[in-house]
Amino acid sequence: MSARNGYEQPGIAGSGTIATGLAACASALGEVTLLARSDASAWQAEEQAQKTAAKLEGAVAGHIRVTTDVTRLAGCDIVVEAITEDADAKAGLLADIGAGVPDADLATTTSSLSIAELGRRSGHADRFFGLHVFNPVTRMELVEVCVPEGARDGIAERATAWCAALDKIPVEVPDSAGFVVNRLLFPYLFDAVRMMERAGLTPAAVDDCMRLGAGHPMGPLKLLDFIGLDVAHAIGETLHAESGDESHLPPKAISEMVSAGKLGRKTGEGFYSY
């Protein structure tokens, strides 16, 4: 492992926006292996990762190798899991990767789940940590790094060096649901939904107030659509389960839209139509 870059042979497990964005960023440093779960998702992931890399200064689309075979990760010194926010799915995939890549550090991009618990369930707690990147990965500078007690020596140093090599700013955070950003952000987002309903405001009115009055680059309701209402709902439920704080509970309006399949920008309809 390079003292300068932290890691030299990264692998990313996932085929969605976070996984492909992270792969595009890592391609600027050298080859990166992207693990997808099916041929169809592999084709889509390769197309998206290379398209993203083509727009990112310094990235090299040809450095991104996509596979569905976990054994192709065998030479990696870090593998980052970046799939859906589901504890069972993450733990199962991490267990498989850990068994197939016995020496690599393992990380997850979870935004709300317990790092210690995921590490325990994966069977590889001693080399496991949280690496919470933000969407869009190519533009957002912050990475919340969560290294739990009992992790082997050097992980924090390697993780922060890799983030710096990717032109990101790592901040070490505690292992609590939502870390720092989501712990503070989601009560605000959910309260915006409740205020809209109580006051009979339109989504655009709420967003305009926060953009023009508070200087936010994006209003809270449009941001929820961008995050994905299903993702927001899952994060809220996880936060509430740990804290018991009613401000963490997803509003009824979000629950109803999720049930109706209106998940925000990715489905073309949420608080706005796209």
# chains A, B, ... in the order shown; residues from 1 in each chain; ligands from 1
call {"tool": "residues_around", "arguments": {"residues": "Gly261 of chain A", "least_positions_apart": "4", "cutoff": "9 Å", "atoms": "only C-alpha atoms", "output": "list in words"}}
result
Asp230, Glu256, Met257, Thr267, Glu269 and Gly270 of chain A
call {"tool": "closest_atom_pairs", "arguments": {"of": "segment 65-166 of chain A", "to": "segment 175-179 of chain A", "cutoff": "9 Å", "atoms": "only C-alpha atoms", "output": "tab-separated table"}}
result
residue	atom	partner	partner_atom	distance
A:Thr110	CA	A:Gly178	CA	8.8
A:Ser111	CA	A:Gly178	CA	5.8
A:Ser112	CA	A:Gly178	CA	4.2
A:Leu113	CA	A:Ala177	CA	5.8
A:Ser114	CA	A:Ala177	CA	6.2
A:Ile115	CA	A:Asp175	CA	6.3
A:Ala116	CA	A:Asp175	CA	7.4
A:Gly130	CA	A:Asp175	CA	8.6
A:His132	CA	A:Phe179	CA	8.9
A:Glu144	CA	A:Phe179	CA	7.5
A:Cys146	CA	A:Asp175	CA	6.2
A:Val147	CA	A:Asp175	CA	7.8
A:Pro148	CA	A:Asp175	CA	6.8
call {"tool": "write_last_selection", "arguments": {"atoms": "C-alpha atoms", "output": "CSV table (one decimal), in the first residue's frame"}}
result
chain,number,residue,atom,x,y,z
A,110,THR,CA,-23.8,3.5,4.3
A,111,SER,CA,-25.4,6.8,5.3
A,112,SER,CA,-27.2,5.6,8.4
A,113,LEU,CA,-26.4,2.0,9.4
A,114,SER,CA,-24.2,1.0,12.4
A,115,ILE,CA,-20.6,0.4,11.2
A,116,ALA,CA,-19.8,-1.8,14.2
A,130,GLY,CA,-17.3,3.5,7.1
A,132,HIS,CA,-19.7,7.8,3.6
A,144,GLU,CA,-17.4,11.0,6.6
A,146,CYS,CA,-16.0,6.1,10.6
A,147,VAL,CA,-13.4,3.7,12.0
A,148,PRO,CA,-14.9,1.7,14.9
call {"tool": "atom_distance", "arguments": {"atom1": "atom CA of Thr238 of chain A", "atom2": "atom CA of Val173 of chain A"}}
result
17.4 Å
call {"tool": "residues_around", "arguments": {"residues": "segment 28-35 of chain A", "least_positions_apart": "6", "cutoff": "6 Å", "atoms": "only C-alpha atoms", "output": "PyMOL selection string"}}
result
chain A and resi 10-14+58-60+63-68
call {"tool": "write_last_selection", "arguments": {"atoms": "C-alpha atoms", "output": "short mmCIF file (atom, residue, chain, number, x, y, z; two decimals), in the first residue's frame"}}
result
data_model
loop_
_atom_site.label_atom_id
_atom_site.label_comp_id
_atom_site.auth_asym_id
_atom_site.auth_seq_id
_atom_site.Cartn_x
_atom_site.Cartn_y
_atom_site.Cartn_z
CA PRO A 10 -9.33 -0.26 -5.12
CA GLY A 11 -12.49 -2.24 -5.77
CA ILE A 12 -16.03 -0.90 -5.63
CA ALA A 13 -19.01 -3.23 -5.12
CA GLY A 14 -22.20 -1.81 -6.59
CA GLY A 58 -8.08 13.69 -14.55
CA ALA A 59 -10.30 10.58 -14.62
CA VAL A 60 -9.50 7.80 -17.10
CA HIS A 63 -9.01 2.40 -15.98
CA ILE A 64 -12.46 1.13 -14.92
CA ARG A 65 -12.84 -2.64 -15.12
CA VAL A 66 -16.34 -4.06 -14.53
CA THR A 67 -16.97 -7.65 -13.46
CA THR A 68 -19.63 -9.89 -11.93
#
call {"tool": "atom_distance", "arguments": {"atom1": "atom CA of Cys76 of chain A", "atom2": "atom CA of Gln9 of chain A"}}
result
4.7 Å
call {"tool": "select_by_dssp", "arguments": {"residues": "segment 13-242 of chain A", "states": "strand (DSSP E or B)", "output": "JSON, numbers by chain"}}
result
{"A": [13, 32, 33, 34, 35, 64, 65, 66, 67, 78, 79, 80, 81, 105, 106, 107, 108, 128, 129, 130, 131, 132, 133, 142, 143, 144, 145, 146, 169, 170, 171, 172]}
call {"tool": "write_last_selection", "arguments": {"atoms": "C-alpha atoms", "output": "tab-separated table (two decimals), in the first residue's frame"}}
result
chain	number	residue	atom	x	y	z
A	13	ALA	CA	-19.01	-3.23	-5.12
A	32	VAL	CA	-10.28	0.31	-10.31
A	33	THR	CA	-12.49	-2.79	-10.36
A	34	LEU	CA	-16.26	-2.35	-10.22
A	35	LEU	CA	-18.24	-5.40	-9.06
A	64	ILE	CA	-12.46	1.13	-14.92
A	65	ARG	CA	-12.84	-2.64	-15.12
A	66	VAL	CA	-16.34	-4.06	-14.53
A	67	THR	CA	-16.97	-7.65	-13.46
A	78	ILE	CA	-9.53	-1.99	-0.40
A	79	VAL	CA	-13.07	-2.92	-1.43
A	80	VAL	CA	-15.86	-0.40	-0.85
A	81	GLU	CA	-19.43	-1.73	-0.72
A	105	ASP	CA	-9.52	-3.38	4.04
A	106	LEU	CA	-13.33	-3.32	3.69
A	107	ALA	CA	-15.55	-0.26	3.72
A	108	THR	CA	-19.20	0.69	3.31
A	128	PHE	CA	-14.01	-2.80	8.35
A	129	PHE	CA	-14.86	0.91	8.39
A	130	GLY	CA	-17.33	3.48	7.12
A	131	LEU	CA	-16.58	5.66	4.10
A	132	HIS	CA	-19.67	7.82	3.59
A	133	VAL	CA	-19.37	9.76	0.34
A	142	LEU	CA	-16.75	15.71	2.11
A	143	VAL	CA	-16.22	12.09	3.14
A	144	GLU	CA	-17.37	10.99	6.60
A	145	VAL	CA	-14.86	8.38	7.78
A	146	CYS	CA	-15.95	6.14	10.65
A	169	ILE	CA	-11.86	16.16	2.57
A	170	PRO	CA	-12.13	13.37	5.15
A	171	VAL	CA	-13.68	14.03	8.55
A	172	GLU	CA	-13.61	11.30	11.20
call {"tool": "closest_residue", "arguments": {"among": "A:Ala87, A:Ala95, A:Ala205, A:Leu166", "to": "Thr138 of chain A", "atoms": "only C-alpha atoms"}}
result
A:Leu166
call {"tool": "atom_distance", "arguments": {"atom1": "atom CA of Ile18 of chain A", "atom2": "atom CA of Ala74 of chain A"}}
result
22.0 Å
call {"tool": "closest_residue", "arguments": {"among": "A:Ile83, A:Ala40, A:Leu229, A:Leu189", "to": "Val206 of chain A", "atoms": "only C-alpha atoms"}}
result
A:Leu189
call {"tool": "decode", "arguments": {"residues": "segment 206-245 of chain A", "atoms": "N, CA and C atoms", "output": "compact mmCIF listing (two decimals), in the first residue's frame"}}
result
# COMPACT_ATOMS: atom_id res chain seq x y z
N VAL A 206 -41.67 26.70 -0.49
CA VAL A 206 -40.76 26.34 0.60
C VAL A 206 -39.32 26.40 0.12
N ASP A 207 -39.08 25.84 -1.05
CA ASP A 207 -37.71 25.80 -1.56
C ASP A 207 -37.18 27.20 -1.88
N ASP A 208 -38.04 28.04 -2.45
CA ASP A 208 -37.62 29.41 -2.75
C ASP A 208 -37.22 30.15 -1.47
N CYS A 209 -37.96 29.95 -0.41
CA CYS A 209 -37.66 30.62 0.85
C CYS A 209 -36.27 30.22 1.36
N MET A 210 -35.96 28.94 1.29
CA MET A 210 -34.67 28.49 1.81
C MET A 210 -33.52 28.80 0.86
N ARG A 211 -33.78 28.81 -0.43
CA ARG A 211 -32.72 29.18 -1.37
C ARG A 211 -32.41 30.67 -1.29
N LEU A 212 -33.46 31.47 -1.34
CA LEU A 212 -33.27 32.91 -1.43
C LEU A 212 -33.09 33.56 -0.07
N GLY A 213 -33.65 32.96 0.97
CA GLY A 213 -33.55 33.56 2.31
C GLY A 213 -32.40 33.03 3.12
N ALA A 214 -32.05 31.76 2.93
CA ALA A 214 -30.98 31.15 3.72
C ALA A 214 -29.73 30.86 2.90
N GLY A 215 -29.81 31.11 1.59
CA GLY A 215 -28.64 30.91 0.74
C GLY A 215 -28.32 29.46 0.45
N HIS A 216 -29.30 28.56 0.60
CA HIS A 216 -29.06 27.16 0.29
C HIS A 216 -29.04 26.95 -1.22
N PRO A 217 -28.13 26.14 -1.74
CA PRO A 217 -28.07 25.93 -3.19
C PRO A 217 -29.28 25.18 -3.74
N MET A 218 -29.94 24.41 -2.89
CA MET A 218 -31.11 23.64 -3.31
C MET A 218 -32.10 23.61 -2.14
N GLY A 219 -33.39 23.82 -2.43
CA GLY A 219 -34.39 23.78 -1.39
C GLY A 219 -34.57 22.38 -0.82
N PRO A 220 -35.15 22.26 0.38
CA PRO A 220 -35.24 20.96 1.05
C PRO A 220 -36.09 19.93 0.33
N LEU A 221 -37.16 20.36 -0.35
CA LEU A 221 -38.03 19.39 -1.01
C LEU A 221 -37.41 18.90 -2.31
N LYS A 222 -36.76 19.78 -3.03
CA LYS A 222 -36.04 19.34 -4.23
C LYS A 222 -34.87 18.44 -3.83
N LEU A 223 -34.24 18.75 -2.71
CA LEU A 223 -33.14 17.91 -2.23
C LEU A 223 -33.64 16.51 -1.88
N LEU A 224 -34.81 16.41 -1.25
CA LEU A 224 -35.38 15.10 -0.96
C LEU A 224 -35.63 14.31 -2.24
N ASP A 225 -36.15 14.99 -3.27
CA ASP A 225 -36.34 14.33 -4.56
C ASP A 225 -35.02 13.85 -5.14
N PHE A 226 -33.96 14.65 -4.96
CA PHE A 226 -32.64 14.29 -5.49
C PHE A 226 -32.07 13.09 -4.73
N ILE A 227 -32.21 13.08 -3.42
CA ILE A 227 -31.72 11.97 -2.60
C ILE A 227 -32.47 10.69 -2.95
N GLY A 228 -33.77 10.81 -3.19
CA GLY A 228 -34.65 9.65 -3.39
C GLY A 228 -35.52 9.50 -2.17
N LEU A 229 -36.83 9.56 -2.34
CA LEU A 229 -37.73 9.52 -1.19
C LEU A 229 -37.67 8.19 -0.47
N ASP A 230 -37.39 7.11 -1.20
CA ASP A 230 -37.23 5.81 -0.55
C ASP A 230 -35.98 5.78 0.32
N VAL A 231 -34.90 6.39 -0.18
CA VAL A 231 -33.67 6.45 0.60
C VAL A 231 -33.88 7.33 1.84
N ALA A 232 -34.53 8.47 1.65
CA ALA A 232 -34.82 9.37 2.77
C ALA A 232 -35.67 8.67 3.82
N HIS A 233 -36.67 7.92 3.37
CA HIS A 233 -37.55 7.19 4.29
C HIS A 233 -36.75 6.17 5.09
N ALA A 234 -35.87 5.43 4.43
CA ALA A 234 -35.06 4.41 5.11
C ALA A 234 -34.11 5.05 6.13
N ILE A 235 -33.51 6.17 5.75
CA ILE A 235 -32.60 6.86 6.67
C ILE A 235 -33.37 7.36 7.89
N GLY A 236 -34.55 7.95 7.66
CA GLY A 236 -35.36 8.44 8.76
C GLY A 236 -35.76 7.34 9.73
N GLU A 237 -36.14 6.20 9.20
CA GLU A 237 -36.54 5.09 10.06
C GLU A 237 -35.35 4.59 10.89
N THR A 238 -34.17 4.54 10.28
CA THR A 238 -32.98 4.11 11.01
C THR A 238 -32.63 5.10 12.11
N LEU A 239 -32.67 6.39 11.78
CA LEU A 239 -32.39 7.42 12.78
C LEU A 239 -33.38 7.33 13.95
N HIS A 240 -34.67 7.18 13.62
CA HIS A 240 -35.69 7.14 14.66
C HIS A 240 -35.55 5.91 15.54
N ALA A 241 -35.19 4.78 14.92
CA ALA A 241 -35.03 3.54 15.69
C ALA A 241 -33.94 3.68 16.73
N GLU A 242 -32.88 4.43 16.41
CA GLU A 242 -31.79 4.60 17.37
C GLU A 242 -32.09 5.69 18.39
N SER A 243 -32.64 6.81 17.93
CA SER A 243 -32.78 7.97 18.81
C SER A 243 -34.11 8.07 19.52
N GLY A 244 -35.19 7.54 18.89
CA GLY A 244 -36.52 7.72 19.44
C GLY A 244 -37.03 9.14 19.28
N ASP A 245 -36.28 9.98 18.59
CA ASP A 245 -36.63 11.39 18.39
C ASP A 245 -37.66 11.50 17.27
